[in-house]
Structure formats: C-alpha cells, structure tokens
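Q: Structure file final-v9.tsv, TSV, C-alpha atoms, is pasted below:
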```tsv
chain	number	residue	atom	x	y	z
X	288	MET	CA	-61.69	-33.28	8.72
X	289	MET	CA	-63.18	-30.14	7.25
X	290	GLY	CA	-61.15	-27.45	5.58
X	291	ILE	CA	-59.53	-26.76	2.27
X	292	CYS	CA	-56.86	-29.44	2.45
X	293	LYS	CA	-56.58	-31.49	-0.73
X	294	ASP	CA	-53.72	-33.80	0.28
X	295	TYR	CA	-54.37	-37.40	1.21
X	296	ASP	CA	-52.17	-40.07	2.69
X	297	GLU	CA	-52.88	-43.68	1.91
X	298	LEU	CA	-53.00	-45.97	4.90
X	299	LYS	CA	-53.15	-49.72	4.60
X	300	ASP	CA	-52.73	-52.22	7.38
X	301	GLU	CA	-52.15	-55.58	5.77
X	302	ASN	CA	-51.88	-57.32	9.14
X	303	GLU	CA	-55.37	-56.21	10.09
X	304	GLY	CA	-56.83	-56.94	6.66
X	305	LEU	CA	-58.01	-53.36	6.21
X	306	GLU	CA	-58.73	-51.90	2.82
X	307	HIS	CA	-57.04	-48.75	1.55
X	308	VAL	CA	-58.07	-45.77	3.62
X	309	PHE	CA	-57.28	-42.18	2.74
X	310	VAL	CA	-56.86	-39.59	5.44
X	311	CYS	CA	-56.38	-35.89	4.99
X	312	HIS	CA	-53.69	-34.01	6.87
X	313	CYS	CA	-52.94	-30.46	5.84
X	314	ARG	CA	-49.20	-30.12	6.53
X	315	TYR	CA	-45.82	-29.32	5.05
X	316	ILE	CA	-45.82	-32.39	2.82
X	317	SER	CA	-49.03	-31.08	1.24
X	318	LEU	CA	-47.03	-28.12	-0.06
X	319	PHE	CA	-44.19	-30.01	-1.73
X	320	PRO	CA	-45.61	-30.05	-5.28
X	321	MET	CA	-45.68	-26.24	-5.10
X	322	LEU	CA	-42.32	-26.04	-3.28
X	323	LEU	CA	-40.70	-27.98	-6.10
X	324	GLY	CA	-42.38	-25.86	-8.78
X	325	LEU	CA	-44.35	-28.83	-10.11
X	326	VAL	CA	-47.71	-27.08	-9.93
X	327	LEU	CA	-48.40	-24.93	-12.97
X	328	PRO	CA	-49.03	-21.23	-12.28
X	329	ASP	CA	-52.56	-21.41	-13.72
X	330	SER	CA	-53.55	-24.66	-12.00
X	331	LYS	CA	-56.48	-24.77	-9.58
X	332	LYS	CA	-54.22	-26.93	-7.41
X	333	LEU	CA	-52.00	-23.90	-6.88
X	334	GLY	CA	-55.04	-21.98	-5.68
X	335	HIS	CA	-55.81	-24.71	-3.13
X	336	ILE	CA	-52.21	-24.78	-1.92
X	337	LEU	CA	-51.99	-21.00	-1.60
X	338	SER	CA	-55.27	-20.98	0.31
X	339	MET	CA	-53.97	-23.67	2.67
X	340	ILE	CA	-50.94	-21.48	3.32
X	341	GLU	CA	-52.72	-18.21	4.02
X	342	VAL	CA	-55.81	-19.29	5.96
X	343	PRO	CA	-55.23	-18.94	9.73
X	344	GLU	CA	-57.36	-22.01	10.48
X	345	GLU	CA	-55.07	-24.10	8.29
X	346	LEU	CA	-51.33	-23.26	8.16
X	347	TRP	CA	-50.94	-19.48	8.56
X	348	ALA	CA	-49.58	-17.98	11.77
X	349	GLU	CA	-48.39	-14.44	12.44
X	350	PHE	CA	-44.80	-15.68	12.63
X	351	GLY	CA	-44.58	-18.43	10.01
X	352	ILE	CA	-46.30	-21.41	8.43
X	353	TRP	CA	-47.22	-24.24	10.80
X	354	SER	CA	-46.01	-27.76	10.07
X	355	LEU	CA	-49.55	-29.12	10.55
X	356	SER	CA	-52.96	-27.51	10.27
X	357	LYS	CA	-54.39	-26.17	13.47
X	358	ARG	CA	-57.60	-28.07	12.60
X	359	ASP	CA	-55.85	-31.43	12.57
X	360	GLU	CA	-56.54	-33.80	15.46
X	361	PHE	CA	-52.77	-34.31	15.91
X	362	TYR	CA	-51.93	-30.59	16.07
X	363	GLY	CA	-49.76	-29.88	19.13
X	364	GLN	CA	-49.83	-33.50	20.32
X	365	GLY	CA	-46.92	-35.57	21.55
X	366	LYS	CA	-43.47	-34.06	21.32
X	367	ASN	CA	-44.92	-31.65	18.75
X	368	TYR	CA	-41.86	-31.64	16.49
X	369	TRP	CA	-43.81	-32.00	13.24
X	370	TRP	CA	-47.28	-31.36	14.63
X	371	GLY	CA	-47.59	-27.63	14.57
X	372	SER	CA	-44.16	-26.07	15.03
X	373	ILE	CA	-42.69	-23.56	12.59
X	374	LEU	CA	-39.47	-24.56	10.81
X	375	ILE	CA	-37.53	-21.86	8.99
X	376	ASN	CA	-36.17	-24.23	6.33
X	377	ILE	CA	-39.64	-25.16	5.06
X	378	ASN	CA	-40.82	-21.57	5.28
X	379	TYR	CA	-37.76	-20.60	3.24
X	380	LEU	CA	-38.71	-23.18	0.60
X	381	ILE	CA	-42.23	-21.77	0.46
X	382	LEU	CA	-40.92	-18.26	-0.06
X	383	SER	CA	-38.31	-19.36	-2.56
X	384	SER	CA	-40.88	-21.22	-4.65
X	385	LEU	CA	-43.32	-18.30	-4.57
X	386	HIS	CA	-40.52	-15.96	-5.66
X	387	CYS	CA	-39.04	-18.16	-8.39
X	388	ASN	CA	-42.11	-19.90	-9.78
X	389	TYR	CA	-45.28	-17.90	-9.21
X	390	MET	CA	-44.82	-14.20	-8.43
X	391	GLY	CA	-43.38	-13.33	-11.81
X	392	VAL	CA	-45.91	-15.27	-13.88
X	393	GLU	CA	-49.11	-13.51	-14.90
X	394	GLY	CA	-52.18	-15.46	-14.00
X	395	LEU	CA	-54.96	-16.11	-11.54
X	396	TYR	CA	-52.69	-16.54	-8.53
X	397	GLN	CA	-49.93	-14.00	-9.12
X	398	GLU	CA	-51.33	-11.39	-6.72
X	399	GLN	CA	-52.03	-14.01	-4.06
X	400	ALA	CA	-48.46	-15.32	-4.39
X	401	TRP	CA	-47.08	-11.77	-4.00
X	402	SER	CA	-49.28	-11.12	-0.98
X	403	ILE	CA	-48.29	-14.35	0.79
X	404	TYR	CA	-44.62	-13.82	-0.02
X	405	THR	CA	-44.55	-10.27	1.33
X	406	ARG	CA	-46.44	-10.99	4.54
X	407	LEU	CA	-44.70	-14.29	5.30
X	408	CYS	CA	-41.21	-12.94	4.64
X	409	ASN	CA	-41.79	-9.91	6.85
X	410	ASN	CA	-43.32	-12.05	9.61
X	411	LEU	CA	-40.47	-14.58	9.62
X	412	ILE	CA	-37.74	-11.96	9.68
X	413	ALA	CA	-39.47	-10.01	12.44
X	414	ASN	CA	-40.02	-13.10	14.59
X	415	VAL	CA	-36.52	-14.54	14.28
X	416	PHE	CA	-35.07	-11.10	15.03
X	417	GLU	CA	-37.39	-10.62	18.03
X	418	GLN	CA	-36.57	-14.06	19.42
X	419	TYR	CA	-32.86	-13.44	18.91
X	420	GLN	CA	-33.09	-10.13	20.74
X	421	SER	CA	-34.87	-11.69	23.71
X	422	SER	CA	-32.81	-14.90	24.02
X	423	ARG	CA	-29.61	-14.14	22.07
X	424	PHE	CA	-30.05	-17.44	20.24
X	425	PHE	CA	-31.23	-18.75	16.91
X	426	TRP	CA	-33.51	-21.72	17.46
X	427	GLU	CA	-34.16	-24.96	15.59
X	428	GLN	CA	-37.85	-24.16	15.34
X	429	TYR	CA	-40.44	-21.76	16.66
X	430	ASN	CA	-43.52	-22.40	18.75
X	431	SER	CA	-46.78	-22.35	16.84
X	432	GLU	CA	-48.73	-20.65	19.60
X	433	GLY	CA	-46.40	-18.02	20.96
X	434	SER	CA	-43.58	-17.60	18.43
X	435	ALA	CA	-40.89	-18.45	21.00
X	436	GLY	CA	-37.86	-20.43	19.94
X	437	GLN	CA	-37.83	-24.08	20.96
X	438	HIS	CA	-35.84	-27.31	20.83
X	439	THR	CA	-32.16	-27.02	19.87
X	440	TYR	CA	-30.21	-23.82	20.52
X	441	PRO	CA	-27.93	-22.22	19.65
X	442	PHE	CA	-28.94	-23.37	16.21
X	443	THR	CA	-27.20	-21.79	13.26
X	444	GLY	CA	-28.37	-24.44	10.82
X	445	TRP	CA	-31.39	-23.75	8.67
X	446	THR	CA	-32.53	-20.83	10.81
X	447	THR	CA	-29.74	-18.76	9.28
X	448	LEU	CA	-31.66	-19.00	6.00
X	449	ILE	CA	-33.33	-15.89	7.38
X	450	VAL	CA	-30.26	-13.96	6.18
X	451	LEU	CA	-30.91	-15.13	2.61
X	452	LEU	CA	-34.52	-13.99	2.95
X	453	MET	CA	-33.34	-10.58	4.11
X	454	ALA	CA	-31.09	-10.38	1.05
X	455	GLU	CA	-33.84	-11.86	-1.20
X	456	LYS	CA	-31.49	-14.61	-2.35
X	457	HIS	CA	-33.53	-17.54	-3.59
```
Re-express the file's structure as structure tokens.

A:
Amino acid sequence: MMGICKDYDELKDENEGLEHVFVCHCRYISLFPMLLGLVLPDSKKLGHILSMIEVPEELWAEFGIWSLSKRDEFYGQGKNYWWGSILININYLILSSLHCNYMGVEGLYQEQAWSIYTRLCNNLIANVFEQYQSSRFFWEQYNSEGSAGQHTYPFTGWTTLIVLLMAEKH
C-alpha cells in the first residue's frame, strides 16, 4: 500500500507455518503514540503522524478524521464500524493531544499542529451541529462519505465531547 503511513501490524499464522509478515494500515491505532503524548515535539515521527492526519487521501475528511485510510483495501468494507467511520471520541483525543502536547511547543511541527487543530475542531463542531439540526439526535459515529450520523442514536456518550471542544476543555 502506497502512502505516508508508517505503522505496521505484525501478522503471524503459526498454524500455517508462515513467517512474520508486516502489513501497513493507516488508521486510528497509528495515531496513539501521538494521542498519548509519547512522540516528542521535534520528532520526525510526529511529522509523519500529522501528515497522515491532514492528507485527504489518508485520514482527513471535511467533517472529521476517518478510522481507516481511504487508500486501505478494507476501507468501507463489511459493517464498516472501524473501517472508515468517524468517531468523535478519537477525534477528541487527537485534538486534545495537539492542544496539550504540540501546539504550545516551538518546533518544526508547531504551525502544522495549530492548523490541524483549528480546522479539525471547526469541522467537527459544524458537522455534529448540522447533523443534530437535521435529525435532532447525537449519533455514535458519522459516515465517512457524507457526514451523516450512523449506528446508535440517540447517543449522548462520547459524541457529547463536542461540548468540551466548544469550551476548549482538554
């Protein structure tokens, strides 16, 4: 798979006698070192992660960050719960980490962190508000292709994190 993804999963099938195989899937789990603040602000790894987030062919959508890269062969397949949908809780973690760990630290990626934070926060708030206005519900997740709410509703679980984003509480 081409792209800027730098995350690899190790697959090993002992029953089939296969050797270790590494496959690349650009997805939420790829972001967790940054989400947890484990990536140093001046690390090239942070640059790769921020690029994964903001490139439309990878994880960026107008209304949130996809759970799986649009380039991935599994994108939008099956029940599509983790394969492309937008979950507010993970998007909140992205924004919180950018705000707490990277926006206030001078360095190579400070401006990029600010830019992603500002655009993503505005996009999430606008989409959740728009979907609420049209359906009168908060949704468990949002469709990766059309921004519409999907799966469980009314859902006042993690989607209400949008209120913390509006208040800039991280």

Q: Near stretch 395-403 of chain X, within 7 Å and counting all atoms listed in the file, which residues show up once chain neighbours fewer than 3 positions away are dropped, as a list of chain:residue names?

A: X:Asp329, X:Gly334, X:Glu341, X:Leu385, X:Tyr389, X:Met390, X:Val392, X:Arg406, X:Leu407

Q: Would you write out those residues with C-alpha atoms, as a PDB file, in the frame of the given file?

A:
```
ATOM      1  CA  ASP X 329     -52.560 -21.410 -13.720  1.00  0.00           C
ATOM      2  CA  GLY X 334     -55.040 -21.980  -5.680  1.00  0.00           C
ATOM      3  CA  GLU X 341     -52.720 -18.210   4.020  1.00  0.00           C
ATOM      4  CA  LEU X 385     -43.320 -18.300  -4.570  1.00  0.00           C
ATOM      5  CA  TYR X 389     -45.280 -17.900  -9.210  1.00  0.00           C
ATOM      6  CA  MET X 390     -44.820 -14.200  -8.430  1.00  0.00           C
ATOM      7  CA  VAL X 392     -45.910 -15.270 -13.880  1.00  0.00           C
ATOM      8  CA  ARG X 406     -46.440 -10.990   4.540  1.00  0.00           C
ATOM      9  CA  LEU X 407     -44.700 -14.290   5.300  1.00  0.00           C
TER      10      LEU X 407
END
```

Q: Any idea what the distance is between atom CA of X:Asn414 and atom CA of X:Tyr362?

A: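 Taking atom CA of X:Asn414 as the start and atom CA of X:Tyr362 as the end point, the length is 21.2 Å.
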
Q: Report the distance between atom CA of X:Pro328 and atom CA of X:Ala348 in Å, rounded to one decimal place.

A: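 One can read the atom CA of X:Pro328 to atom CA of X:Ala348 distance as 24.3 Å.
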
Q: How big is the axis-aligned box, and where does its centre sit, when it encloses all atoms of stretch 344-355 of chain X listed in the file and has 4 Å added on every side, reported in Å to one decimal as JSON?

A:
```
{"center_x": -51.0, "center_y": -21.8, "center_z": 10.4, "size_x": 20.8, "size_y": 22.7, "size_z": 12.5}
```

Q: Could you tell me how far atom CA of X:Phe424 lies from atom CA of X:Ser372, in Å and to one decimal?

A: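 One can read the atom CA of X:Phe424 to atom CA of X:Ser372 distance as 17.3 Å.
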
Q: For X:Thr443, which of X:Glu393, X:Glu455, X:Glu427, X:Glu344 is the closest residue, counting all atoms listed in the file?

A: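 Of X:Glu393, X:Glu455, X:Glu427, X:Glu344, the one nearest X:Thr443 is X:Glu427, counting all atoms listed in the file.
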
Q: Can you work out which one of X:Leu346, X:Ile449, X:Ala413, X:Ala454 has the shortest atom-to-atom distance to X:Ser317, counting all atoms listed in the file?

A: X:Leu346

Q: For X:Glu417, please output as a compact mmCIF listing (two decimals) with C-alpha atoms, in the frame of the given file all residues within 12 Å (counting only C-alpha atoms; exclusion window: fewer than 3 positions along the same chain).

A:
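part-v1.txt, written as the output of this step:
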```txt
# COMPACT_ATOMS: atom_id res chain seq x y z
CA PHE X 350 -44.80 -15.68 12.63
CA ASN X 410 -43.32 -12.05 9.61
CA LEU X 411 -40.47 -14.58 9.62
CA ILE X 412 -37.74 -11.96 9.68
CA ALA X 413 -39.47 -10.01 12.44
CA ASN X 414 -40.02 -13.10 14.59
CA GLN X 420 -33.09 -10.13 20.74
CA SER X 421 -34.87 -11.69 23.71
CA SER X 422 -32.81 -14.90 24.02
CA ARG X 423 -29.61 -14.14 22.07
CA PHE X 424 -30.05 -17.44 20.24
CA PHE X 425 -31.23 -18.75 16.91
CA TRP X 426 -33.51 -21.72 17.46
CA TYR X 429 -40.44 -21.76 16.66
CA SER X 434 -43.58 -17.60 18.43
CA ALA X 435 -40.89 -18.45 21.00
CA GLY X 436 -37.86 -20.43 19.94
```

Q: Restricting the calculation to all atoms listed in the file: of X:Ile375, X:Arg358, X:Glu349, X:Gln428, which residue gets closest to X:Asn409?

A: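 The answer is X:Glu349, which sits nearest to X:Asn409.
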
Q: Tell me which protein, DNA and RNA residues are within 10 Å of stretch 321-324 of chain X, counting all atoms listed in the file, leaving out same-chain ones fewer than 3 positions away, and put them as an NGL selection string.

A: :X and (315-318 or 327-328 or 332-333 or 336-337 or 377-385 or 387-389)

Q: From the set X:Cys313, X:Leu325, X:Val415, X:Gly365, which residue has the shortest atom-to-atom contact distance to X:Met339, counting all atoms listed in the file?

A: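 Checking each of X:Cys313, X:Leu325, X:Val415, X:Gly365 against X:Met339, counting all atoms listed in the file, the winner is X:Cys313.
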
Q: Missing atoms in stretch 406-417 of chain X: fill them in up to all heavy atoms and send the result as an mmCIF file, in the frame of the given file.

A:
```cif
data_model
loop_
_atom_site.group_PDB
_atom_site.id
_atom_site.type_symbol
_atom_site.label_atom_id
_atom_site.label_comp_id
_atom_site.auth_asym_id
_atom_site.auth_seq_id
_atom_site.Cartn_x
_atom_site.Cartn_y
_atom_site.Cartn_z
ATOM 1 N N ARG X 406 -46.045 -10.878 3.137
ATOM 2 C CA ARG X 406 -46.440 -10.990 4.540
ATOM 3 C C ARG X 406 -45.613 -12.048 5.273
ATOM 4 O O ARG X 406 -45.140 -11.816 6.388
ATOM 5 C CB ARG X 406 -47.930 -11.313 4.656
ATOM 6 C CG ARG X 406 -48.813 -10.140 4.216
ATOM 7 C CD ARG X 406 -50.307 -10.462 4.299
ATOM 8 N NE ARG X 406 -50.647 -11.475 3.303
ATOM 9 C CZ ARG X 406 -51.410 -12.531 3.537
ATOM 10 N NH1 ARG X 406 -51.931 -12.753 4.726
ATOM 11 N NH2 ARG X 406 -51.681 -13.399 2.575
ATOM 12 N N LEU X 407 -45.434 -13.212 4.652
ATOM 13 C CA LEU X 407 -44.700 -14.290 5.300
ATOM 14 C C LEU X 407 -43.235 -13.913 5.511
ATOM 15 O O LEU X 407 -42.672 -14.137 6.594
ATOM 16 C CB LEU X 407 -44.808 -15.578 4.491
ATOM 17 C CG LEU X 407 -44.069 -16.800 5.037
ATOM 18 C CD1 LEU X 407 -44.523 -17.128 6.463
ATOM 19 C CD2 LEU X 407 -44.264 -17.996 4.113
ATOM 20 N N CYS X 408 -42.617 -13.339 4.514
ATOM 21 C CA CYS X 408 -41.210 -12.940 4.640
ATOM 22 C C CYS X 408 -41.037 -11.932 5.770
ATOM 23 O O CYS X 408 -40.159 -12.087 6.625
ATOM 24 C CB CYS X 408 -40.721 -12.369 3.309
ATOM 25 S SG CYS X 408 -38.935 -12.175 3.233
ATOM 26 N N ASN X 409 -41.869 -10.919 5.794
ATOM 27 C CA ASN X 409 -41.790 -9.910 6.850
ATOM 28 C C ASN X 409 -42.026 -10.533 8.233
ATOM 29 O O ASN X 409 -41.324 -10.212 9.192
ATOM 30 C CB ASN X 409 -42.791 -8.781 6.607
ATOM 31 C CG ASN X 409 -42.394 -7.917 5.439
ATOM 32 O OD1 ASN X 409 -41.228 -7.849 5.058
ATOM 33 N ND2 ASN X 409 -43.363 -7.260 4.834
ATOM 34 N N ASN X 410 -43.004 -11.417 8.329
ATOM 35 C CA ASN X 410 -43.320 -12.050 9.610
ATOM 36 C C ASN X 410 -42.171 -12.923 10.108
ATOM 37 O O ASN X 410 -41.834 -12.900 11.301
ATOM 38 C CB ASN X 410 -44.587 -12.897 9.501
ATOM 39 C CG ASN X 410 -45.836 -12.065 9.284
ATOM 40 O OD1 ASN X 410 -45.812 -10.847 9.336
ATOM 41 N ND2 ASN X 410 -46.931 -12.735 9.013
ATOM 42 N N LEU X 411 -41.581 -13.713 9.221
ATOM 43 C CA LEU X 411 -40.470 -14.580 9.620
ATOM 44 C C LEU X 411 -39.265 -13.780 10.099
ATOM 45 O O LEU X 411 -38.682 -14.074 11.151
ATOM 46 C CB LEU X 411 -40.045 -15.493 8.466
ATOM 47 C CG LEU X 411 -40.938 -16.670 8.138
ATOM 48 C CD1 LEU X 411 -40.488 -17.322 6.854
ATOM 49 C CD2 LEU X 411 -40.925 -17.682 9.275
ATOM 50 N N ILE X 412 -38.891 -12.785 9.320
ATOM 51 C CA ILE X 412 -37.740 -11.960 9.680
ATOM 52 C C ILE X 412 -37.977 -11.277 11.022
ATOM 53 O O ILE X 412 -37.119 -11.299 11.908
ATOM 54 C CB ILE X 412 -37.427 -10.937 8.572
ATOM 55 C CG1 ILE X 412 -36.911 -11.670 7.319
ATOM 56 C CG2 ILE X 412 -36.414 -9.888 9.056
ATOM 57 C CD1 ILE X 412 -36.837 -10.797 6.078
ATOM 58 N N ALA X 413 -39.154 -10.706 11.194
ATOM 59 C CA ALA X 413 -39.470 -10.010 12.440
ATOM 60 C C ALA X 413 -39.432 -10.965 13.634
ATOM 61 O O ALA X 413 -38.889 -10.631 14.696
ATOM 62 C CB ALA X 413 -40.838 -9.332 12.335
ATOM 63 N N ASN X 414 -39.985 -12.164 13.470
ATOM 64 C CA ASN X 414 -40.020 -13.100 14.590
ATOM 65 C C ASN X 414 -38.637 -13.626 14.960
ATOM 66 O O ASN X 414 -38.284 -13.666 16.137
ATOM 67 C CB ASN X 414 -40.963 -14.264 14.325
ATOM 68 C CG ASN X 414 -41.121 -15.117 15.564
ATOM 69 O OD1 ASN X 414 -41.517 -14.646 16.615
ATOM 70 N ND2 ASN X 414 -40.755 -16.387 15.442
ATOM 71 N N VAL X 415 -37.859 -14.026 13.977
ATOM 72 C CA VAL X 415 -36.520 -14.540 14.280
ATOM 73 C C VAL X 415 -35.681 -13.441 14.943
ATOM 74 O O VAL X 415 -34.978 -13.683 15.923
ATOM 75 C CB VAL X 415 -35.830 -15.106 13.017
ATOM 76 C CG1 VAL X 415 -34.356 -15.393 13.269
ATOM 77 C CG2 VAL X 415 -36.542 -16.363 12.545
ATOM 78 N N PHE X 416 -35.797 -12.223 14.434
ATOM 79 C CA PHE X 416 -35.070 -11.100 15.030
ATOM 80 C C PHE X 416 -35.530 -10.850 16.468
ATOM 81 O O PHE X 416 -34.714 -10.678 17.381
ATOM 82 C CB PHE X 416 -35.241 -9.843 14.181
ATOM 83 C CG PHE X 416 -34.493 -8.661 14.707
ATOM 84 C CD1 PHE X 416 -33.107 -8.627 14.662
ATOM 85 C CD2 PHE X 416 -35.167 -7.590 15.255
ATOM 86 C CE1 PHE X 416 -32.399 -7.542 15.157
ATOM 87 C CE2 PHE X 416 -34.474 -6.493 15.760
ATOM 88 C CZ PHE X 416 -33.089 -6.465 15.708
ATOM 89 N N GLU X 417 -36.845 -10.849 16.690
ATOM 90 C CA GLU X 417 -37.390 -10.620 18.030
ATOM 91 C C GLU X 417 -36.943 -11.707 19.002
ATOM 92 O O GLU X 417 -36.543 -11.415 20.135
ATOM 93 C CB GLU X 417 -38.910 -10.569 17.971
ATOM 94 C CG GLU X 417 -39.565 -10.324 19.311
ATOM 95 C CD GLU X 417 -41.074 -10.316 19.201
ATOM 96 O OE1 GLU X 417 -41.601 -9.699 18.257
ATOM 97 O OE2 GLU X 417 -41.722 -10.944 20.058
#
```
